Each structure stands twice: as C-alpha cells, then as structure tokens.
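Shown next: final26.txt, given as compact mmCIF, C-alpha atoms.
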# COMPACT_ATOMS: atom_id res chain seq x y z
CA MET A 1 -23.50 27.51 69.02
CA MET A 2 -24.53 26.92 65.45
CA ALA A 3 -21.82 27.72 62.99
CA ALA A 4 -23.06 29.75 60.06
CA GLU A 5 -23.87 27.33 57.26
CA LYS A 6 -21.45 28.10 54.48
CA LYS A 7 -22.57 27.01 51.05
CA ARG A 8 -20.51 23.98 50.15
CA ILE A 9 -18.63 24.54 46.93
CA ARG A 10 -18.03 21.46 44.83
CA LYS A 11 -15.79 22.21 41.89
CA LEU A 12 -15.43 19.79 39.02
CA THR A 13 -13.28 19.64 35.93
CA ILE A 14 -15.09 19.51 32.59
CA ALA A 15 -14.02 15.85 32.35
CA LYS A 16 -15.77 14.99 35.61
CA ALA A 17 -18.78 17.16 34.80
CA MET A 18 -19.33 15.38 31.48
CA SER A 19 -18.94 12.00 33.22
CA GLU A 20 -21.47 12.97 35.87
CA ALA A 21 -24.04 14.09 33.27
CA ILE A 22 -23.69 10.82 31.36
CA ASP A 23 -23.85 8.85 34.62
CA GLN A 24 -27.09 10.52 35.69
CA ALA A 25 -28.61 10.01 32.23
CA MET A 26 -27.65 6.32 32.29
CA THR A 27 -29.25 5.92 35.71
CA SER A 28 -32.55 7.47 34.65
CA ASN A 29 -32.75 6.11 31.11
CA PRO A 30 -31.79 2.52 30.19
CA ASP A 31 -31.57 3.52 26.50
CA VAL A 32 -28.46 5.63 27.13
CA PHE A 33 -25.17 3.86 26.50
CA VAL A 34 -21.57 4.75 25.68
CA MET A 35 -19.19 3.60 22.94
CA GLY A 36 -15.70 4.60 21.95
CA GLU A 37 -12.00 3.90 22.16
CA ASP A 38 -10.75 3.48 25.75
CA VAL A 39 -14.03 4.70 27.23
CA GLY A 40 -14.29 1.55 29.39
CA LYS A 41 -11.85 0.70 32.15
CA LEU A 42 -9.67 3.73 31.38
CA GLY A 43 -12.61 6.13 31.60
CA GLY A 44 -11.78 7.89 28.35
CA VAL A 45 -8.44 9.33 27.28
CA PHE A 46 -9.86 12.74 28.23
CA GLY A 47 -11.69 11.51 31.33
CA THR A 48 -15.16 11.82 29.80
CA THR A 49 -16.45 8.45 31.02
CA THR A 50 -14.78 8.30 34.43
CA GLY A 51 -16.31 5.62 36.66
CA LEU A 52 -18.99 4.54 34.18
CA PHE A 53 -17.55 1.13 33.31
CA ASP A 54 -17.37 0.00 36.94
CA LYS A 55 -20.92 1.17 37.55
CA TYR A 56 -22.68 -0.01 34.40
CA GLY A 57 -20.47 -2.77 32.97
CA PRO A 58 -19.37 -3.68 29.44
CA ASP A 59 -22.84 -3.88 27.88
CA ARG A 60 -23.56 -0.20 28.43
CA VAL A 61 -20.00 1.14 28.33
CA ARG A 62 -18.46 -0.40 25.25
CA ASP A 63 -14.80 -0.24 24.35
CA THR A 64 -14.44 -0.35 20.59
CA PRO A 65 -11.64 -1.14 18.17
CA ILE A 66 -9.94 1.75 16.40
CA SER A 67 -12.68 1.82 13.79
CA GLU A 68 -14.61 5.07 13.88
CA THR A 69 -16.34 4.17 10.62
CA GLY A 70 -17.79 1.08 12.31
CA PHE A 71 -18.70 2.21 15.80
CA ILE A 72 -19.99 5.67 14.94
CA GLY A 73 -22.08 4.06 12.21
CA ALA A 74 -23.35 1.58 14.80
CA ALA A 75 -24.23 4.44 17.14
CA ALA A 76 -26.23 6.22 14.45
CA GLY A 77 -28.06 2.98 13.68
CA ALA A 78 -28.80 2.39 17.35
CA ALA A 79 -30.13 5.94 17.67
CA VAL A 80 -32.54 5.41 14.79
CA MET A 81 -33.77 2.25 16.51
CA GLY A 82 -34.60 4.17 19.69
CA MET A 83 -31.42 4.07 21.75
CA ARG A 84 -29.60 7.19 22.94
CA PRO A 85 -25.91 6.52 22.30
CA VAL A 86 -23.13 8.76 23.55
CA VAL A 87 -20.18 7.97 21.33
CA GLU A 88 -16.68 9.37 21.52
CA LEU A 89 -14.52 10.32 18.56
CA MET A 90 -11.25 10.66 20.46
CA PHE A 91 -9.91 13.53 18.36
CA ILE A 92 -12.02 15.68 16.07
CA ASP A 93 -9.05 15.49 13.68
CA PHE A 94 -10.15 11.92 12.86
CA PHE A 95 -13.61 12.78 11.55
CA GLY A 96 -12.55 12.01 8.00
CA VAL A 97 -13.06 8.27 8.43
CA CYS A 98 -16.60 8.53 9.83
CA MET A 99 -17.96 11.68 8.19
CA ASP A 100 -20.29 9.98 5.73
CA VAL A 101 -22.52 8.52 8.42
CA ILE A 102 -22.45 11.82 10.33
CA TYR A 103 -23.45 14.23 7.59
CA ASN A 104 -25.14 12.04 5.00
CA PHE A 105 -27.06 9.89 7.48
CA ALA A 106 -27.30 11.24 11.03
CA ALA A 107 -27.72 14.86 9.97
CA LYS A 108 -30.29 14.10 7.27
CA ASN A 109 -32.37 11.14 8.44
CA SER A 110 -34.97 13.16 10.29
CA TYR A 111 -35.49 15.30 7.19
CA PHE A 112 -35.54 12.34 4.81
CA SER A 113 -38.10 10.51 6.94
CA GLY A 114 -40.45 13.45 7.24
CA GLY A 115 -39.57 13.79 10.91
CA ARG A 116 -40.52 10.17 11.70
CA GLN A 117 -37.03 8.85 12.36
CA ALA A 118 -34.87 11.02 14.59
CA VAL A 119 -31.22 10.26 15.33
CA PRO A 120 -30.78 11.15 19.02
CA MET A 121 -27.05 10.54 19.29
CA VAL A 122 -24.33 12.52 21.00
CA LEU A 123 -20.93 12.52 19.36
CA MET A 124 -18.44 13.88 21.85
CA THR A 125 -15.00 14.76 20.58
CA SER A 126 -11.89 16.65 21.66
CA ALA A 127 -10.59 19.72 19.87
CA GLY A 128 -7.77 22.22 20.14
CA GLY A 129 -4.01 22.28 20.45
CA GLY A 130 -1.39 24.14 22.39
CA TYR A 131 0.49 21.15 23.77
CA SER A 132 2.64 20.16 20.78
CA ASP A 133 0.74 17.13 19.60
CA GLY A 134 1.25 17.77 15.91
CA GLY A 135 -1.01 18.72 13.05
CA GLN A 136 -3.40 15.73 13.15
CA HIS A 137 -4.10 15.99 16.91
CA SER A 138 -4.32 19.75 17.49
CA GLN A 139 -7.02 21.08 15.22
CA CYS A 140 -10.38 22.59 16.09
CA LEU A 141 -12.33 21.93 12.89
CA TYR A 142 -15.72 22.30 14.61
CA THR A 143 -16.79 24.94 12.14
CA THR A 144 -16.82 22.21 9.48
CA PHE A 145 -19.73 20.55 11.32
CA ALA A 146 -21.49 23.86 11.91
CA HIS A 147 -21.60 24.38 8.13
CA LEU A 148 -23.76 21.27 7.66
CA PRO A 149 -27.51 21.49 8.34
CA GLY A 150 -29.03 18.88 10.64
CA LEU A 151 -26.42 18.86 13.39
CA LYS A 152 -26.20 20.76 16.65
CA VAL A 153 -22.62 21.81 17.39
CA VAL A 154 -21.79 22.92 20.92
CA MET A 155 -18.78 23.39 23.21
CA PRO A 156 -18.75 24.31 26.91
CA SER A 157 -16.20 26.73 28.33
CA ASN A 158 -16.59 25.57 31.94
CA ALA A 159 -17.68 22.57 33.99
CA TYR A 160 -21.12 23.97 34.93
CA ASP A 161 -22.03 24.39 31.28
CA ALA A 162 -20.40 21.05 30.40
CA LYS A 163 -22.72 19.11 32.70
CA GLY A 164 -25.88 20.97 31.75
CA MET A 165 -25.11 20.92 28.04
CA MET A 166 -24.29 17.20 28.07
CA THR A 167 -27.60 16.48 29.81
CA ALA A 168 -29.40 18.62 27.23
CA ALA A 169 -27.49 16.91 24.39
CA ILE A 170 -28.49 13.41 25.55
CA ASN A 171 -32.14 14.50 25.88
CA ASP A 172 -32.11 16.15 22.44
CA ASP A 173 -33.65 14.24 19.53
CA ASN A 174 -31.13 15.70 17.09
CA PRO A 175 -27.60 14.49 16.57
CA VAL A 176 -25.38 16.71 18.73
CA ILE A 177 -21.67 17.20 18.11
CA PHE A 178 -20.45 17.89 21.64
CA ILE A 179 -16.97 19.40 21.44
CA PHE A 180 -14.70 19.59 24.46
CA HIS A 181 -11.54 21.66 24.33
CA LYS A 182 -8.36 19.94 25.50
CA SER A 183 -7.07 23.12 27.14
CA LEU A 184 -10.14 23.21 29.40
CA GLN A 185 -10.61 19.54 30.15
CA GLY A 186 -8.80 19.21 33.47
CA MET A 187 -6.32 16.58 32.32
CA GLY A 188 -2.92 17.44 33.72
CA TRP A 189 -0.80 16.62 30.71
CA LEU A 190 -2.69 19.23 28.70
CA GLY A 191 -2.75 22.17 31.12
CA THR A 192 -6.11 23.63 32.06
CA ALA A 193 -7.52 27.14 32.18
CA LYS A 194 -8.42 27.66 35.83
CA GLY A 195 -11.69 29.34 34.98
CA ALA A 196 -12.97 26.09 33.47
CA ILE A 197 -13.02 24.35 36.87
CA VAL A 198 -16.10 25.68 38.63
CA ASP A 199 -18.82 24.82 41.14
CA VAL A 200 -21.20 22.21 39.72
CA PRO A 201 -24.54 21.22 41.30
CA GLU A 202 -25.04 17.53 42.04
CA THR A 203 -28.64 17.71 40.82
CA VAL A 204 -29.65 17.02 37.22
CA TYR A 205 -30.08 20.22 35.18
CA GLU A 206 -29.95 21.34 31.56
CA VAL A 207 -28.15 24.27 29.98
CA PRO A 208 -30.14 24.88 26.78
CA LEU A 209 -28.28 24.21 23.53
CA GLY A 210 -28.11 27.21 21.23
CA LYS A 211 -28.06 29.92 23.89
CA ALA A 212 -24.97 32.12 24.23
CA ASN A 213 -23.92 33.42 27.62
CA ILE A 214 -22.67 36.82 28.72
CA SER A 215 -19.60 35.73 30.67
CA ARG A 216 -18.71 39.27 31.65
CA GLU A 217 -20.70 42.45 31.20
CA GLY A 218 -19.13 45.52 29.65
CA SER A 219 -19.97 48.64 27.69
CA ASP A 220 -17.06 49.56 25.37
CA ILE A 221 -16.56 46.50 23.16
CA THR A 222 -18.05 43.05 22.59
CA VAL A 223 -15.52 40.21 22.54
CA VAL A 224 -17.06 36.95 21.30
CA GLY A 225 -15.34 33.67 22.16
CA PHE A 226 -16.05 29.96 21.96
CA GLY A 227 -14.55 27.38 24.30
CA ASN A 228 -10.95 28.21 25.10
CA THR A 229 -11.02 31.65 23.53
CA VAL A 230 -13.68 32.69 26.08
CA HIS A 231 -10.94 32.40 28.69
CA HIS A 232 -8.52 34.45 26.58
CA ALA A 233 -11.23 37.10 26.31
CA LEU A 234 -11.94 37.04 30.05
CA ASP A 235 -8.24 37.30 30.92
CA ALA A 236 -7.86 40.22 28.52
CA ALA A 237 -11.01 41.88 29.86
CA ARG A 238 -9.63 41.80 33.42
CA ASP A 239 -6.44 43.50 32.21
CA LEU A 240 -8.31 46.02 30.10
CA ALA A 241 -10.50 47.00 33.05
CA LEU A 242 -7.35 48.25 34.76
CA GLU A 243 -6.85 50.55 31.80
CA GLY A 244 -10.40 51.82 31.98
CA ILE A 245 -11.80 49.77 29.09
CA SER A 246 -14.98 47.82 29.75
CA ALA A 247 -15.13 44.69 27.58
CA GLU A 248 -18.21 42.50 27.37
CA VAL A 249 -17.41 38.83 26.82
CA VAL A 250 -19.92 36.62 25.00
CA ASP A 251 -19.49 32.86 25.21
CA LEU A 252 -21.22 31.45 22.14
CA ARG A 253 -21.52 27.93 23.67
CA SER A 254 -23.09 26.78 20.41
CA LEU A 255 -22.25 27.25 16.73
CA ALA A 256 -25.40 25.53 15.53
CA PRO A 257 -27.84 26.88 16.38
CA LEU A 258 -25.98 30.20 16.54
CA ASP A 259 -27.45 32.64 19.08
CA ARG A 260 -27.25 35.73 16.90
CA GLU A 261 -29.70 37.64 19.09
CA THR A 262 -27.38 37.69 22.10
CA VAL A 263 -24.43 38.83 19.97
CA LEU A 264 -26.48 41.52 18.22
CA ALA A 265 -27.88 42.84 21.49
CA SER A 266 -24.38 43.12 22.90
CA VAL A 267 -22.95 44.86 19.84
CA ARG A 268 -25.92 47.27 19.73
CA LYS A 269 -24.91 48.24 23.25
CA THR A 270 -21.13 48.49 22.79
CA GLY A 271 -20.79 49.47 19.11
CA ARG A 272 -17.55 47.53 18.77
CA LEU A 273 -16.88 43.88 17.91
CA LEU A 274 -13.95 41.48 18.16
CA ALA A 275 -14.46 37.75 17.50
CA VAL A 276 -11.81 35.29 18.72
CA ASP A 277 -11.53 31.68 17.56
CA ASP A 278 -8.82 29.04 17.53
CA ASP A 279 -10.25 27.24 14.52
CA HIS A 280 -8.92 28.31 11.11
CA LEU A 281 -9.70 31.87 10.08
CA SER A 282 -11.19 31.61 6.61
CA TYR A 283 -14.89 30.68 6.45
CA GLY A 284 -14.88 30.33 10.24
CA TRP A 285 -17.61 31.35 12.68
CA THR A 286 -15.90 34.69 13.34
CA GLY A 287 -16.82 35.71 9.80
CA GLU A 288 -20.37 34.44 10.34
CA VAL A 289 -20.75 36.52 13.49
CA ILE A 290 -19.43 39.67 11.82
CA ALA A 291 -21.67 39.07 8.80
CA SER A 292 -24.68 38.75 11.10
CA VAL A 293 -23.90 42.10 12.69
CA ALA A 294 -23.40 43.69 9.26
CA GLU A 295 -26.69 42.25 7.96
CA ALA A 296 -28.52 43.59 11.00
CA GLY A 297 -27.36 47.07 9.99
CA ILE A 298 -25.75 47.86 13.30
CA ALA A 299 -23.59 50.98 13.05
CA LEU A 300 -20.14 50.28 14.49
CA LYS A 301 -17.82 52.85 16.02
CA CYS A 302 -14.79 51.09 14.51
CA PRO A 303 -14.26 48.22 12.05
CA ALA A 304 -15.12 44.75 13.33
CA ARG A 305 -12.11 42.49 13.76
CA ARG A 306 -11.36 38.79 14.14
CA ILE A 307 -8.53 36.81 15.61
CA ALA A 308 -8.35 33.17 14.59
CA TYR A 309 -5.89 30.44 13.76
CA PRO A 310 -4.09 31.28 10.51
CA ASP A 311 -4.88 29.15 7.46
CA VAL A 312 -1.90 26.84 7.90
CA PRO A 313 -1.51 23.35 9.39
CA VAL A 314 -0.72 23.28 13.12
CA PRO A 315 3.05 23.03 13.64
CA PHE A 316 4.54 20.56 16.09
CA ALA A 317 7.34 22.83 17.36
CA ARG A 318 6.18 24.52 20.55
CA PRO A 319 7.36 28.10 19.77
CA MET A 320 5.79 27.95 16.32
CA GLU A 321 2.48 26.59 17.57
CA GLN A 322 2.27 29.08 20.44
CA PHE A 323 3.06 31.91 18.03
CA LEU A 324 0.03 31.03 15.91
CA LEU A 325 -2.52 30.40 18.67
CA PRO A 326 -4.81 33.13 19.92
CA ASN A 327 -4.11 34.26 23.48
CA ALA A 328 -5.09 36.95 25.97
CA GLU A 329 -2.24 39.24 24.89
CA LYS A 330 -3.42 39.20 21.28
CA VAL A 331 -6.97 39.90 22.39
CA LYS A 332 -5.85 42.79 24.56
CA ALA A 333 -3.71 44.29 21.79
CA ALA A 334 -6.57 44.02 19.30
CA VAL A 335 -9.02 45.68 21.69
CA LEU A 336 -6.59 48.54 22.38
CA SER A 337 -6.06 49.14 18.68
CA LEU A 338 -9.81 49.01 17.99
CA MET A 339 -10.53 51.49 20.78
CA ASN A 340 -8.18 53.91 19.01
CA SER A 341 -9.57 53.42 15.53
CA VAL A 342 -12.65 54.82 13.84
CA VAL A 343 -14.77 53.93 10.83
CA SER A 344 -13.89 56.05 7.83
CA VAL A 345 -16.90 57.64 6.19
CA MET B 346 -3.25 18.59 59.66
CA GLN B 347 -1.00 18.41 56.61
CA ILE B 348 -1.81 16.87 53.26
CA LYS B 349 1.52 15.40 52.28
CA ILE B 350 2.69 13.37 49.31
CA GLU B 351 3.47 10.13 51.09
CA ASP B 352 6.28 7.81 50.00
CA ASP B 353 3.87 5.00 49.13
CA PHE B 354 1.68 7.19 46.90
CA TRP B 355 3.39 5.71 43.87
CA GLN B 356 6.41 3.56 43.10
CA GLY B 357 9.77 5.09 42.18
CA ASP B 358 10.89 8.71 42.33
CA ASP B 359 8.94 10.14 39.41
CA GLU B 360 7.53 13.62 39.66
CA ALA B 361 3.77 14.06 39.69
CA VAL B 362 1.67 17.17 39.24
CA ILE B 363 -1.52 18.54 40.78
CA THR B 364 -3.74 18.95 37.76
CA ALA B 365 -6.51 20.84 39.52
CA TRP B 366 -7.47 22.12 42.92
CA LEU B 367 -11.18 21.50 43.33
CA VAL B 368 -11.50 23.81 46.34
CA ASP B 369 -10.51 27.44 46.86
CA ASP B 370 -7.81 28.45 49.30
CA GLY B 371 -9.54 29.06 52.63
CA ALA B 372 -12.59 26.92 51.81
CA GLU B 373 -14.30 24.65 54.31
CA VAL B 374 -13.80 20.97 53.51
CA ALA B 375 -15.23 17.81 55.02
CA GLU B 376 -13.26 14.64 55.65
CA GLY B 377 -13.30 12.52 52.49
CA ASP B 378 -14.00 15.40 50.09
CA VAL B 379 -11.97 15.20 46.89
CA VAL B 380 -9.93 18.40 47.12
CA ALA B 381 -7.51 17.94 44.24
CA GLU B 382 -6.67 15.79 41.26
CA MET B 383 -3.11 14.69 40.62
CA MET B 384 -1.50 13.10 37.64
CA LEU B 385 1.46 10.77 37.30
CA ALA B 386 2.45 9.56 33.84
CA LYS B 387 -1.05 10.15 32.43
CA VAL B 388 -2.74 8.34 35.33
CA GLN B 389 -5.10 10.55 37.27
CA MET B 390 -5.49 10.22 41.05
CA GLU B 391 -7.75 11.94 43.54
CA ILE B 392 -6.61 13.51 46.78
CA GLU B 393 -9.12 13.48 49.63
CA ALA B 394 -9.25 15.68 52.71
CA PRO B 395 -7.97 13.61 55.67
CA CYS B 396 -10.09 15.64 58.10
CA SER B 397 -12.68 18.41 58.17
CA GLY B 398 -11.70 22.05 58.49
CA VAL B 399 -10.45 25.08 56.59
CA ILE B 400 -7.96 24.24 53.85
CA HIS B 401 -4.87 26.29 53.01
CA ILE B 402 -3.30 25.48 49.67
CA GLU B 403 0.51 25.33 49.79
CA MET B 404 1.29 24.10 46.27
CA GLU B 405 -0.31 25.56 43.17
CA ALA B 406 -1.59 23.36 40.36
CA GLU B 407 0.75 22.39 37.53
CA VAL B 408 3.92 22.59 39.62
CA PRO B 409 6.05 19.40 39.66
CA LEU B 410 5.66 17.45 42.91
CA LYS B 411 8.07 15.17 44.69
CA LYS B 412 7.40 12.74 47.51
CA GLY B 413 7.43 14.30 50.94
CA MET B 414 6.06 17.66 49.82
CA VAL B 415 3.21 19.22 51.78
CA ILE B 416 0.56 20.41 49.33
CA ALA B 417 -1.97 21.82 51.81
CA THR B 418 -2.80 22.14 55.48
CA ILE B 419 -6.20 21.87 57.13
CA ASP B 420 -7.07 23.83 60.29
CA GLN B 421 -9.47 21.65 62.24
Write-out of the structure in structure tokens:
Amino acid sequence: MMAAEKKRIRKLTIAKAMSEAIDQAMTSNPDVFVMGEDVGKLGGVFGTTTGLFDKYGPDRVRDTPISETGFIGAAAGAAVMGMRPVVELMFIDFFGVCMDVIYNFAAKNSYFSGGRQAVPMVLMTSAGGGYSDGGQHSQCLYTTFAHLPGLKVVMPSNAYDAKGMMTAAINDDNPVIFIFHKSLQGMGWLGTAKGAIVDVPETVYEVPLGKANISREGSDITVVGFGNTVHHALDAARDLALEGISAEVVDLRSLAPLDRETVLASVRKTGRLLAVDDDHLSYGWTGEVIASVAEAGIALKCPARRIAYPDVPVPFARPMEQFLLPNAEKVKAAVLSLMNSVVSV
Amino acid sequence: MQIKIEDDFWQGDDEAVITAWLVDDGAEVAEGDVVAEMMLAKVQMEIEAPCSGVIHIEMEAEVPLKKGMVIATIDQ
C-alpha cells in the first residue's frame, strides 16, 4: 500500500538560510565571493557563512583582519570592478570605522557615474540586543543607513525571507545593507524567536527587496514591525485575538525602499496604527511610517502610536536592558489602550 | 528509537543546549535528516535522525542538557 506522501518540511534557522543563499549564488556565479572576520573556517560568528569555506576555499571565502575600513573598502572596490562581494560587518555597532566608503562611495557611485558604475555589494551585519552584550554590541542603528539615499536596507524576520532576500540582495546592482537580528538568528547563546525558524525550499528563489508582508491579517488595528518586533507583534496579536481584538501585523522587511503602499492599505482598512521598533525612537522609521499615513490623509479612529527603544544607550545590566526593550506585553498593552481611545475633534 | 545525548558527544561534563528544533513534534523524518541544532560553549553541532519514522520531541529548545538525556524518540 502506498503511504500518503506527506510534504517534507525542512526548517532552517536564518543563519543556515543565509548561508544556503550565498552558497547557491557562489555555485551559479563565479563573481560572488565572501569577506569578513571569522567568515572562513568558523563559518561566521553568527553562522552566516556555514560550510562555505570547506566548499569554496580561501580565495572565495576570505577571512580578514579586524579592519573594517580596509576590507569593506576592498569589497566596494571589487564591486565596482564587476565582482559581487558579500561582506560581513560583524556588528552594526562598528559601522563608524567604515562608514565613509559606505555612504560617500558605495551609496553614491552609481549616481556620480551617471549610472555607468554600479556597486553590487551586499553588506550583511548583525543588529539588536537583549542578551546583555553592552552598549557597543546591542544596538540596532539600521535607521541610520535608511536615512542615506543610494542604499537598500533590509532585514528578514524569518528563514524563508532570509534566503529569498539574500538571493535578491546578491543579484541586485545596488549596495544592499542586509541586517540580521541576533534574536532571530538561531544561534543558541542568543536565544531565538521560534517563529523565525521556518520551512525553506531547497530551490533558488527571490523575495523582492522593498516589499512588506502581511504576516497576519486583521481588521481592528495595524501593527507594523521590522525584524524582531514582528514577532512581538505576532505574539501580541495571538493574545489579543482571545480578547476579541483582530490585529493585522505588517512586516516591513525593508526600510529602503519603504513599502508605504502596503502600510497605507492596511491602515485604510483598520483605521488604527501602532509601529514597533527596537531601534532608537527619535527620527526612527516608526515616525516615518506615521508621517506617511498622516500625509496620505487617512482618517484614524484613534491617535497613532509608536513603541521603540528609548533615546538612551543600551545598558549592560539584564533587568535594565529588558526593561527598555519592546516586547509582546508592551505591544498588547498599547493596542488595548488604543482600542479604548478616540481622536479628539 | 531514542535520540540520546551520548557520553562521547563532547568531552567533560559541561551542559549543552538545543538551540533549535528543525522539525515539528510528530513530523515524519528520514534517516540522516538534521532534526536539531545543539550548542556547547558557542560551538554549534547538528543532530541527525538515526532512523526514519515519526519523531516525538522530549526536550524543548533552550533547556540545559546533560549527557544521558533522551531528547526525542522516533517511532519506526
């Protein structure tokens, strides 16, 4: 008797999904190569280059000294000359030492050359805290890149998106800042949101950069998240459903380009808006999203609200850091208070 | 068949942790499938299914593990 063919589920962590995307790109395109600190034999401190060194060797998977200024500059130069480098800045917190080549060269060269000299590089970098690693290893800071024209800035919230977005990033002729959140990565010492580990096809596929995703449909309120905060929103939405509140969760997936259309369509439907970010509050993307809704003239049933990391450095002490981070409880409390509030006329 | 943390998995008596289950409880697995990832002192290891069958997860992710513990069983 033939057993019913069950669809085989193959779950991956974001770390493995990113590695698989880079692996497949390296197989099909000899111009793709990897550089960074500990990306070789170790496979990346965050597992982003697992297995690549053994498969492709030291010419295409290059361990670098601790010199982001040098090797990220080299990557940008290689990209201009026709290569497709994938380079890792281990922590986004360290961008200070390599920012000039990122925003004054990589982000501008296509414009300066009249479109003749693209810079098809992927800069992948870790963001986020929550595991007591101190103020120079726990920041998000991605909004800083999103403020600068000429860069794409993306972050997956799950392994399916991670693979498809990495493939799209490598194939993109623009410099792409590919953020991965440490709380979603699948590395044990950091803890991992379970919803980030999902079924991932073995085939090559792209998830388009700059398209938001409706992670959960709802009708009462739109909760917009990015990376880890998508999971806070989803956890809160599950709880809220038990109380009869239907929350729609939008995963931005990209800050630049920002998919305003998807956000606006959702808010037109729900009439309420909460934006949740774990980057610093002031001048962050939550403000940009709310401004976009205001500029579109959408009438809201209650004031828009944002939850984000307060404008203070990230503390080392665990209770202090946890107190400041967004979480599902804060999202739930904010939604409940918004559902009970109205716009004054 | 049990998936057990064998004594020779690593040296010493340190505790490890399952960082992620890559299959759902009750899923069908094939021999050799990577079903979980485990971490010991920042070194990541893969755990493969020793046989084909339906897997039952006994130990959740992110719980400290000692040698000798059974983390899952597989009904063949």
Closest contacts (chain B/chain A, max 8 Å, only C-alpha atoms) as JSON lines:
{"residue": "B:Val362", "atom": "CA", "partner": "A:Gly188", "partner_atom": "CA", "distance": 7.2}
{"residue": "B:Ile363", "atom": "CA", "partner": "A:Gly188", "partner_atom": "CA", "distance": 7.3}
{"residue": "B:Thr364", "atom": "CA", "partner": "A:Gly188", "partner_atom": "CA", "distance": 4.4}
{"residue": "B:Ala365", "atom": "CA", "partner": "A:Gly186", "partner_atom": "CA", "distance": 6.7}
{"residue": "B:Leu367", "atom": "CA", "partner": "A:Lys11", "partner_atom": "CA", "distance": 4.9}
{"residue": "B:Val368", "atom": "CA", "partner": "A:Lys11", "partner_atom": "CA", "distance": 6.4}
{"residue": "B:Glu373", "atom": "CA", "partner": "A:Arg8", "partner_atom": "CA", "distance": 7.5}
{"residue": "B:Met383", "atom": "CA", "partner": "A:Gly188", "partner_atom": "CA", "distance": 7.4}
{"residue": "B:Met384", "atom": "CA", "partner": "A:Gly188", "partner_atom": "CA", "distance": 6.0}
{"residue": "B:Lys387", "atom": "CA", "partner": "A:Trp189", "partner_atom": "CA", "distance": 6.7}
{"residue": "B:Gln389", "atom": "CA", "partner": "A:Met187", "partner_atom": "CA", "distance": 7.9}
{"residue": "B:Glu407", "atom": "CA", "partner": "A:Gly188", "partner_atom": "CA", "distance": 7.2}
Separation of CA of Gly271 (chain A) from CA of Lys152 (chain A), in Å and rounded to one decimal:
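Computed distance, CA of Gly271 (chain A) to CA of Lys152 (chain A), equals 29.3 Å.
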Of the candidates A:Ser341, A:Leu281, A:Asp59, A:Leu258, which shows the shortest atom-to-atom distance to Leu324 (chain A), using only C-alpha atoms?
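Using only C-alpha atoms, Leu324 (chain A) sits closest to A:Leu281.
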For a quick check of understanding, using only C-alpha atoms, which of A:Ser113, A:Met121, A:Glu68, A:Met166 has the smallest distance to Asp23 (chain A)?
A:Met166
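When only C-alpha atoms are used to measure the gap to Asn158 (chain A), the shortest distance among A:Ile245, A:Ile22, A:Val267, A:Lys16 belongs to A:Lys16.
Taking CA of Leu123 (chain A) and CA of Asn174 (chain A) as the two end points, the separation is 10.9 Å.
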Can you list, as a PDB file with C-alpha atoms, in the frame of the given file, every protein, DNA or RNA residue that comes within 6 Å of Ser397 (chain B) when you count only C-alpha atoms, leaving out same-chain residues fewer than 3 positions away?
ATOM      1  CA  VAL B 374     -13.800  20.970  53.510  1.00  0.00           C
ATOM      2  CA  ALA B 375     -15.230  17.810  55.020  1.00  0.00           C
ATOM      3  CA  GLU B 376     -13.260  14.640  55.650  1.00  0.00           C
TER       4      GLU B 376
END
What separation in Å, quoted to one decimal, exists between CA of Leu141 (chain A) and CA of Leu255 (chain A)?
11.9 Å
Shell around Asp259 (chain A) at 9 Å using all atoms listed in the file, local window under 4 positions removed, as number ranges by chain:
A: 210-212, 252-255, 263-264
Would you place a box with edges along x, y and z of the file around all atoms of region 409-420 of chain B listed there, add 6 Å to each of its six sides, and report the centre and edge lengths in Å to one decimal, as AutoDock Vina command-line options?
--center_x 0.5 --center_y 18.3 --center_z 50.0 --size_x 27.1 --size_y 23.1 --size_z 32.6
Exercise: Glu243 (chain A) partners within 12 Å, only C-alpha atoms, chain neighbours under 3 positions left out, as a list in words
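Residues near the query, excluding close chain neighbours: Ala236, Ala237, Arg238, Asp239, Leu240, Ser246, Ala247, Lys332, Val335, Leu336 and Met339 of chain A.
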Rank nothing, just name the residue among B:Glu351, B:Asp378, B:Asp358, B:Asp420 nearest to Ile400 (chain B), using all atoms listed in the file.
B:Asp420
I'd like the neighbourhood of region 409-415 of chain B as JSON, numbers by chain, where a residue qualifies if any of its atoms comes within 6 Å (using all atoms listed in the file), though same-chain residues fewer than 3 positions away should be ignored.
{"B": [348, 349, 350, 351, 352, 360, 361, 362]}
Can you check which parts of region 31-141 of chain A lie within 9 Å of region 301-322 of chain A? Per residue, the shortest pair of atoms and distance in Å to one decimal, counting only C-alpha atoms, sorted by chain and number, as a tab-separated table.
residue	atom	partner	partner_atom	distance
A:Gly129	CA	A:Val314	CA	8.1
A:Gly130	CA	A:Gln322	CA	6.4
A:Tyr131	CA	A:Arg318	CA	7.4
A:Ser132	CA	A:Phe316	CA	5.1
A:Asp133	CA	A:Phe316	CA	6.2
A:Gly134	CA	A:Phe316	CA	4.3
A:Gly135	CA	A:Val314	CA	4.6
A:Gln136	CA	A:Val314	CA	8.0
A:His137	CA	A:Val314	CA	8.9
A:Ser138	CA	A:Val314	CA	6.7
A:Gln139	CA	A:Val314	CA	7.0
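Shortest atom-to-atom contact with Gln421 (chain B) among B:Trp355, B:Ile392, B:Val399, B:Glu382: B:Val399, counting all atoms listed in the file.
Closest approach to Ile92 (chain A) among A:Asp161, A:Asp279, A:Glu329, A:Glu288 is made by A:Asp279 (distances from all atoms listed in the file).
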